[in-house]
Amino acid sequence: MRDRFWELPLPKLAADEWEALCDGCGKCCLNKIEFEDTNELAFTRVACKLLDGEACRCSSYGNRHSFVPDCVVLTPAKIKEIAWWLPATCAYRLRHEGKPLYPWHHLISGDPETVHSAGASVRGWTVSELSVTEDDWEDHIIEDLS
C-alpha cells in the first residue's frame with residue numbers, strides 16, 4: 001500500500017487500500033429505517049445477524065451474501081449513490097466528501113482499537129436482528145448518525 005493512500009480520491013485506491021480504509025466501527029451493519037412519508041433515515045441499534053458486536057466486523061465477510069443477499073457492496077462508484085446512507089463518521093463517506101479522517105482512525109493513529117476507545121464504534125451496544133422483530137425496530141432507534 002502507498003503512503004497516505006487514504007488522501008487520494010477514492011477511485012484511485014487499489015483494492016487492498018479500499019478495504020483498509022474501513023475504520024472498523026460497525027455502524028454500516030446497523031439496520032436502518034427509511035420513513036417513506038418524510039424520506040428520513042433513522043439508525044437503529046439492531047445489528048445485522050453477522051455483525052460481531054465485540055470486534056465490530058462482519059463474522060462472515062467473504063461469504064456474507066450467502067447469508068444476507070441484500071448486503072451492500074460498497075464501491076467507489078456506488079458511494080456516490082449511497083453516501084447519505086453511511087454514518088457521518090464513516091471513512092468512506094468522509095473521503096467521498098473531501099474531508100480528512102478522524103484522529104481515531106487506525107490509519108492515522110496506527111491502532112485499530114482507537115475507534116473503540118474514542119467511542120466511535122458500536123462495540124457493546126447493539127442487539128442482533130435475530131432477537132428483535134422488524135416491527136420492533138422503531139423501539140431501538142438511536143441518535144441520528146447520518
# chains A, B, ... in the order shown; residues from 1 in each chain; ligands from 1

$ residues_around --residues "Pro11 (chain A)" --least-positions-apart "3" --cutoff "12 Å" --atoms "only C-alpha atoms" --output "MDAnalysis selection string"
chainID A and resid 5:8 14:15 17:18 75:80 92 95:96

$ select_by_dssp --residues "region 10-57 of chain A" --states "helix (DSSP H, G or I)" --output "number ranges by chain"
A: 10-12, 15-20, 27-29

$ write_last_selection --atoms "N, CA and C atoms" --output "short mmCIF file (atom, residue, chain, number, x, y, z; two decimals), in the first residue's frame"
data_model
loop_
_atom_site.label_atom_id
_atom_site.label_comp_id
_atom_site.auth_asym_id
_atom_site.auth_seq_id
_atom_site.Cartn_x
_atom_site.Cartn_y
_atom_site.Cartn_z
N LEU A 10 -11.08 8.49 -3.98
CA LEU A 10 -11.48 7.09 -3.80
C LEU A 10 -11.30 6.22 -5.06
N PRO A 11 -11.63 6.72 -6.25
CA PRO A 11 -11.45 5.86 -7.44
C PRO A 11 -9.99 5.49 -7.74
N LYS A 12 -9.07 6.18 -7.13
CA LYS A 12 -7.65 5.89 -7.36
C LYS A 12 -7.08 4.84 -6.41
N ALA A 15 -7.50 -2.14 -4.57
CA ALA A 15 -8.47 -2.94 -3.81
C ALA A 15 -8.08 -3.09 -2.34
N ASP A 16 -6.81 -3.36 -2.07
CA ASP A 16 -6.39 -3.53 -0.67
C ASP A 16 -6.43 -2.20 0.09
N GLU A 17 -6.17 -1.11 -0.61
CA GLU A 17 -6.26 0.21 0.02
C GLU A 17 -7.72 0.54 0.34
N TRP A 18 -8.61 0.22 -0.58
CA TRP A 18 -10.04 0.45 -0.37
C TRP A 18 -10.51 -0.29 0.89
N GLU A 19 -10.15 -1.56 0.99
CA GLU A 19 -10.56 -2.36 2.15
C GLU A 19 -9.94 -1.81 3.44
N ALA A 20 -8.70 -1.35 3.38
CA ALA A 20 -8.01 -0.83 4.56
C ALA A 20 -8.62 0.49 5.04
N LYS A 27 -20.85 0.55 12.18
CA LYS A 27 -22.10 1.30 12.02
C LYS A 27 -22.83 0.98 10.72
N CYS A 28 -22.11 0.60 9.70
CA CYS A 28 -22.78 0.27 8.44
C CYS A 28 -23.58 -1.01 8.56
N CYS A 29 -23.32 -1.80 9.59
CA CYS A 29 -24.04 -3.06 9.81
C CYS A 29 -25.29 -2.88 10.67
#

$ atom_distance --atom1 "CA of Cys71 (chain A)" --atom2 "CA of Trp125 (chain A)"
21.2 Å

$ residues_around --residues "Phe43 (chain A)" --least-positions-apart "2" --cutoff "12 Å" --atoms "only C-alpha atoms" --output "PyMOL selection string"
chain A and resi 27-35+40-41+45-47+85-88+122+126+137-146

$ atom_distance --atom1 "CA of His116 (chain A)" --atom2 "CA of Asp52 (chain A)"
13.6 Å

$ closest_residue --among "A:Leu94, A:Gly119, A:Asp136, A:Cys25" --to "Gly53 (chain A)" --atoms "only C-alpha atoms"
A:Cys25

$ closest_residue --among "A:Pro100, A:Glu129, A:Gly26, A:Thr44" --to "Ser59 (chain A)" --atoms "only C-alpha atoms"
A:Gly26

$ atom_distance --atom1 "CA of Met1 (chain A)" --atom2 "CA of Ala120 (chain A)"
25.1 Å

$ residues_around --residues "Thr114 (chain A)" --least-positions-apart "3" --cutoff "12 Å" --atoms "only C-alpha atoms" --output "list in words"
Asp23, Gly24, Cys25, Tyr102, Pro103, Trp104, His105, His106, Leu107, Ile108, Ser109, Gly110, Asp111, Ser117, Ala118, Gly119, Ala120, Ser121 and Arg123 of chain A

$ write_last_selection --atoms "N, CA and C atoms" --output "PDB file, in the first residue's frame"
ATOM      1  N   ASP A  23     -12.911   1.868   8.836  1.00  0.00           N
ATOM      2  CA  ASP A  23     -12.438   2.203  10.186  1.00  0.00           C
ATOM      3  C   ASP A  23     -12.813   1.163  11.234  1.00  0.00           C
ATOM      4  N   GLY A  24     -13.631   0.175  10.865  1.00  0.00           N
ATOM      5  CA  GLY A  24     -13.983  -0.879  11.811  1.00  0.00           C
ATOM      6  C   GLY A  24     -14.981  -0.458  12.872  1.00  0.00           C
ATOM      7  N   CYS A  25     -15.823   0.522  12.563  1.00  0.00           N
ATOM      8  CA  CYS A  25     -16.788   0.990  13.558  1.00  0.00           C
ATOM      9  C   CYS A  25     -18.010   0.086  13.661  1.00  0.00           C
ATOM     10  N   TYR A 102     -10.749  11.056  10.875  1.00  0.00           N
ATOM     11  CA  TYR A 102     -10.655  11.458  12.276  1.00  0.00           C
ATOM     12  C   TYR A 102      -9.345  10.952  12.883  1.00  0.00           C
ATOM     13  N   PRO A 103      -8.838  11.619  13.913  1.00  0.00           N
ATOM     14  CA  PRO A 103      -7.587  11.178  14.553  1.00  0.00           C
ATOM     15  C   PRO A 103      -7.654   9.760  15.108  1.00  0.00           C
ATOM     16  N   TRP A 104      -8.870   9.271  15.439  1.00  0.00           N
ATOM     17  CA  TRP A 104      -9.005   7.924  15.969  1.00  0.00           C
ATOM     18  C   TRP A 104      -8.964   6.839  14.889  1.00  0.00           C
ATOM     19  N   HIS A 105      -9.003   7.219  13.629  1.00  0.00           N
ATOM     20  CA  HIS A 105      -8.965   6.216  12.557  1.00  0.00           C
ATOM     21  C   HIS A 105      -7.627   5.482  12.612  1.00  0.00           C
ATOM     22  N   HIS A 106      -7.661   4.176  12.459  1.00  0.00           N
ATOM     23  CA  HIS A 106      -6.438   3.368  12.584  1.00  0.00           C
ATOM     24  C   HIS A 106      -5.333   3.762  11.603  1.00  0.00           C
ATOM     25  N   LEU A 107      -5.681   4.312  10.455  1.00  0.00           N
ATOM     26  CA  LEU A 107      -4.649   4.742   9.508  1.00  0.00           C
ATOM     27  C   LEU A 107      -3.920   5.987  10.005  1.00  0.00           C
ATOM     28  N   ILE A 108      -4.557   6.750  10.865  1.00  0.00           N
ATOM     29  CA  ILE A 108      -3.941   7.944  11.451  1.00  0.00           C
ATOM     30  C   ILE A 108      -3.259   7.584  12.770  1.00  0.00           C
ATOM     31  N   SER A 109      -3.989   6.864  13.627  1.00  0.00           N
ATOM     32  CA  SER A 109      -3.475   6.555  14.970  1.00  0.00           C
ATOM     33  C   SER A 109      -2.490   5.395  14.987  1.00  0.00           C
ATOM     34  N   GLY A 110      -2.598   4.509  13.997  1.00  0.00           N
ATOM     35  CA  GLY A 110      -1.756   3.317  13.983  1.00  0.00           C
ATOM     36  C   GLY A 110      -2.279   2.192  14.858  1.00  0.00           C
ATOM     37  N   ASP A 111      -3.462   2.371  15.441  1.00  0.00           N
ATOM     38  CA  ASP A 111      -4.008   1.388  16.375  1.00  0.00           C
ATOM     39  C   ASP A 111      -5.484   1.130  16.057  1.00  0.00           C
ATOM     40  N   SER A 117     -11.961   3.074  21.610  1.00  0.00           N
ATOM     41  CA  SER A 117     -11.674   3.897  22.789  1.00  0.00           C
ATOM     42  C   SER A 117     -12.209   5.315  22.617  1.00  0.00           C
ATOM     43  N   ALA A 118     -12.360   5.760  21.366  1.00  0.00           N
ATOM     44  CA  ALA A 118     -12.925   7.088  21.113  1.00  0.00           C
ATOM     45  C   ALA A 118     -14.454   7.075  21.176  1.00  0.00           C
ATOM     46  N   GLY A 119     -15.035   5.898  21.330  1.00  0.00           N
ATOM     47  CA  GLY A 119     -16.492   5.793  21.380  1.00  0.00           C
ATOM     48  C   GLY A 119     -17.140   5.937  20.010  1.00  0.00           C
ATOM     49  N   ALA A 120     -16.368   5.711  18.954  1.00  0.00           N
ATOM     50  CA  ALA A 120     -16.871   5.898  17.591  1.00  0.00           C
ATOM     51  C   ALA A 120     -17.359   4.604  16.948  1.00  0.00           C
ATOM     52  N   SER A 121     -17.405   3.528  17.710  1.00  0.00           N
ATOM     53  CA  SER A 121     -17.857   2.252  17.164  1.00  0.00           C
ATOM     54  C   SER A 121     -19.123   1.789  17.875  1.00  0.00           C
ATOM     55  N   ARG A 123     -19.300  -1.047  19.443  1.00  0.00           N
ATOM     56  CA  ARG A 123     -18.893  -2.079  20.407  1.00  0.00           C
ATOM     57  C   ARG A 123     -19.720  -1.977  21.693  1.00  0.00           C
TER      58      ARG A 123
END
